[in-house]
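*Asks:* Have a look at this one before I ask anything.
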Amino acid sequence: MARHLLPITALLLGSALLLFAGGIHGLILPIRGAAEGFSASSLGLLGTGWAVGYVAGCIVAPRLVGAVGHIRTFGVMCAFAAVAILLQALIVETWAWIPIRAVSGFCFAGAAMIVESWLSERAQPSTRGTIFGIYTMVNLGAVTAGQMSISLGDANGAVFFAIGAIFYCLALVPTALSTSASPAPLTSVKLDLPGLWRNSPVAVAAVFLVGVSNASFGALAAVYAGQVGLALTAITLFASIPVLAGALAQIPIGYLSDRMDRRIVLVATAALAMLADLAFAILLPEGQLANLVLVGLFGAGIFAMYPIIVAHANDHAPPGTAIQVSGGLLMVFGLGSILGPLMAGVAMSAVGPRGLFLTTVAAHVVLIAFTLWRMSLRGAVPQADKAAFQISVPARATTPETAALSGGEEEALPLEPEAAPADEADRPEADRA
């Protein structure tokens, strides 16, 4: 296995440095913003800005890579991400932070797509699952480490903004020095809502509502934790534990969803998240232990639903359309991610911290009701026709290239790739011969 991993070490290291910086960046903004007195609705708009930029990055990045190549585009993404976090340290104003956060989302999507495309090209069919698993673990570990590092210093100064910028810059070094050949052009996916809806109404509705829920929590979890009186270390744990719990929960949930109607598993998972929602909204727990236990259960629910939805959609999809379906669902998730933080921010400004979980519980209740209604109209997919469940990173860190890296490209039809990279300097001398 070492001989398979050695050629992609630079890519994994670049991804780890990028995600470490992203972990710092995503958590320091709500913590610092709350300390500066920003309203919850303003902080929610940071999540909306990120989602707008991320969706735009998934759409535009293939064109940029087609024009100037993988290495140059990745360098630009990392450089602009570093500029963005430094600008937010210099201009501590909501009117500036929101559009700058959109730039961060754009850069993050583009950089992640390039890394995943590169890894997919280097992976062999026999090792693709292992490489995707290692990539997933590296990403989760790096994000968690970045978030937890904030508990080691003063979150009210500019130190962590500078550290984040440093790691964004370091992230471009491994790929810039790599001798690996640039991969094929990035996957370009167009959003076909009518086609997705005809394929699976449950998948489209559920992924939109999961986008509302997950993005609301991702943008405002630190604000909630601060408002209920948790210390800085507990705030970082409150943001990190759900992601890890969601990753671990995918193992048993995936096993179950491969052996029974996935919609039943989806409803049960949403019900788990809904119970945690209600506990937070009604009880408003103040103790550290109660909050961390509840948020672990919450994370196990919300971060395990996305791969169930993707697998269910692929169960109904025609052969050879795995990447189209997964990419389209990602775009719908992005639309929900734009709306969710805005709604939750307004709710928190109106009714206090419980407004966050009133927003998520509404999303989960609608998801459960709609799925149960559709189950009464349409039977389950025969066991022999079911696609394989794929463990995935949290959907907020997913791009259209993730499906290809995880193995979806083995069944996929061509998706009208963009033109080949124009920059021949992106390829080593031996590959240009």
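Just remember, in the structure tokens the first chain shown is A, the second B, etc., residues are 1-based per chain, and ligands are 1-based in the order shown.
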Per residue of range 241-344 of chain A within 7 Å of range 199-222 of chain A, what are the shortest atom pair and its distance in Å to one decimal, counting only C-alpha atoms, with rows by chain and residue number, as a Markdown table?

*Replies:*
```
| residue | atom | partner | partner_atom | distance |
| --- | --- | --- | --- | --- |
| A:Ile302 | CA | A:Asn214 | CA | 6.5 |
| A:Tyr306 | CA | A:Val207 | CA | 6.6 |
| A:Ile309 | CA | A:Ala203 | CA | 5.3 |
| A:His312 | CA | A:Ala203 | CA | 6.8 |
| A:Ala313 | CA | A:Ala203 | CA | 5.7 |
| A:His316 | CA | A:Asn199 | CA | 6.0 |
| A:Ala317 | CA | A:Asn199 | CA | 6.1 |
| A:Leu329 | CA | A:Val204 | CA | 6.7 |
| A:Val332 | CA | A:Phe208 | CA | 5.6 |
| A:Phe333 | CA | A:Gly211 | CA | 4.7 |
| A:Gly334 | CA | A:Gly211 | CA | 6.4 |
| A:Leu335 | CA | A:Phe208 | CA | 6.8 |
| A:Gly336 | CA | A:Gly211 | CA | 4.4 |
| A:Ser337 | CA | A:Gly211 | CA | 4.6 |
| A:Leu339 | CA | A:Val212 | CA | 6.2 |
| A:Gly340 | CA | A:Val212 | CA | 3.9 |
| A:Pro341 | CA | A:Ser216 | CA | 4.2 |
| A:Ala344 | CA | A:Ser216 | CA | 5.9 |
```

*Asks:* Write down as a VMD selection string the residues of range 47-214 of chain A whose backbone DSSP state falls under alpha helix (DSSP H).

*Replies:* chain A and resid 47 to 68 70 to 90 94 to 122 128 to 149 159 to 177 193 to 199 201 to 214

*Asks:* So that I can see what lies close to Ala171 in chain A, please list as a PDB file with C-alpha atoms, in the first residue's frame the residues with an atom at most 10 Å from it, counting only C-alpha atoms and leaving out residues fewer than 2 positions away in the same chain.

*Replies:*
```pdb
ATOM      1  CA  ALA A  10       1.927  15.742  -1.598  1.00  0.00           C
ATOM      2  CA  LEU A  11      -1.749  15.978  -2.504  1.00  0.00           C
ATOM      3  CA  LEU A  12      -2.881  14.647   0.884  1.00  0.00           C
ATOM      4  CA  LEU A  13      -0.526  17.043   2.656  1.00  0.00           C
ATOM      5  CA  GLY A  14      -1.802  19.983   0.619  1.00  0.00           C
ATOM      6  CA  SER A  15      -5.384  19.005   1.403  1.00  0.00           C
ATOM      7  CA  ALA A  16      -4.593  18.638   5.119  1.00  0.00           C
ATOM      8  CA  LEU A  17      -3.008  22.098   5.281  1.00  0.00           C
ATOM      9  CA  LEU A  18      -5.950  23.591   3.391  1.00  0.00           C
ATOM     10  CA  LEU A  19      -8.512  21.951   5.692  1.00  0.00           C
ATOM     11  CA  PHE A  20      -6.554  22.918   8.820  1.00  0.00           C
ATOM     12  CA  ALA A  21      -6.708  26.549   7.715  1.00  0.00           C
ATOM     13  CA  PHE A  74      -4.841  25.802  -7.054  1.00  0.00           C
ATOM     14  CA  GLY A  75      -2.205  28.426  -6.229  1.00  0.00           C
ATOM     15  CA  CYS A  78      -4.967  29.290  -1.829  1.00  0.00           C
ATOM     16  CA  ALA A  79      -3.595  32.816  -2.289  1.00  0.00           C
ATOM     17  CA  ALA A 111      -9.075  23.957  -4.390  1.00  0.00           C
ATOM     18  CA  ALA A 165      -3.376  32.687   6.305  1.00  0.00           C
ATOM     19  CA  ILE A 166      -0.038  30.954   6.900  1.00  0.00           C
ATOM     20  CA  PHE A 167      -1.562  27.508   6.462  1.00  0.00           C
ATOM     21  CA  TYR A 168      -3.505  28.589   3.362  1.00  0.00           C
ATOM     22  CA  CYS A 169      -0.176  29.641   1.835  1.00  0.00           C
ATOM     23  CA  VAL A 173       3.578  24.317  -1.631  1.00  0.00           C
ATOM     24  CA  PRO A 174       3.179  20.498  -1.888  1.00  0.00           C
ATOM     25  CA  THR A 175       1.267  20.634  -5.178  1.00  0.00           C
ATOM     26  CA  ALA A 176       3.526  23.341  -6.614  1.00  0.00           C
TER      27      ALA A 176
END
```

*Asks:* Please identify all polymer residues within 12 Å of Ser376 in chain A, counting only C-alpha atoms, omitting same-chain residues fewer than 4 positions from it, and present them as a PyMOL selection string.

*Replies:* chain A and resi 202+263-264+369-372+380

*Asks:* Write a file of the just-selected residues containing C-alpha atoms, as a PDB file, in the first residue's frame.

*Replies:*
```pdb
ATOM      1  CA  VAL A 202     -37.369  12.382  -1.801  1.00  0.00           C
ATOM      2  CA  ARG A 263     -36.061   6.000   3.270  1.00  0.00           C
ATOM      3  CA  ILE A 264     -36.762   4.236   6.559  1.00  0.00           C
ATOM      4  CA  ALA A 369     -43.261  14.199   6.760  1.00  0.00           C
ATOM      5  CA  PHE A 370     -42.427  14.437   3.065  1.00  0.00           C
ATOM      6  CA  THR A 371     -40.455  11.173   3.062  1.00  0.00           C
ATOM      7  CA  LEU A 372     -43.252   9.283   4.816  1.00  0.00           C
ATOM      8  CA  ALA A 380     -38.814   0.482  -2.068  1.00  0.00           C
TER       9      ALA A 380
END
```
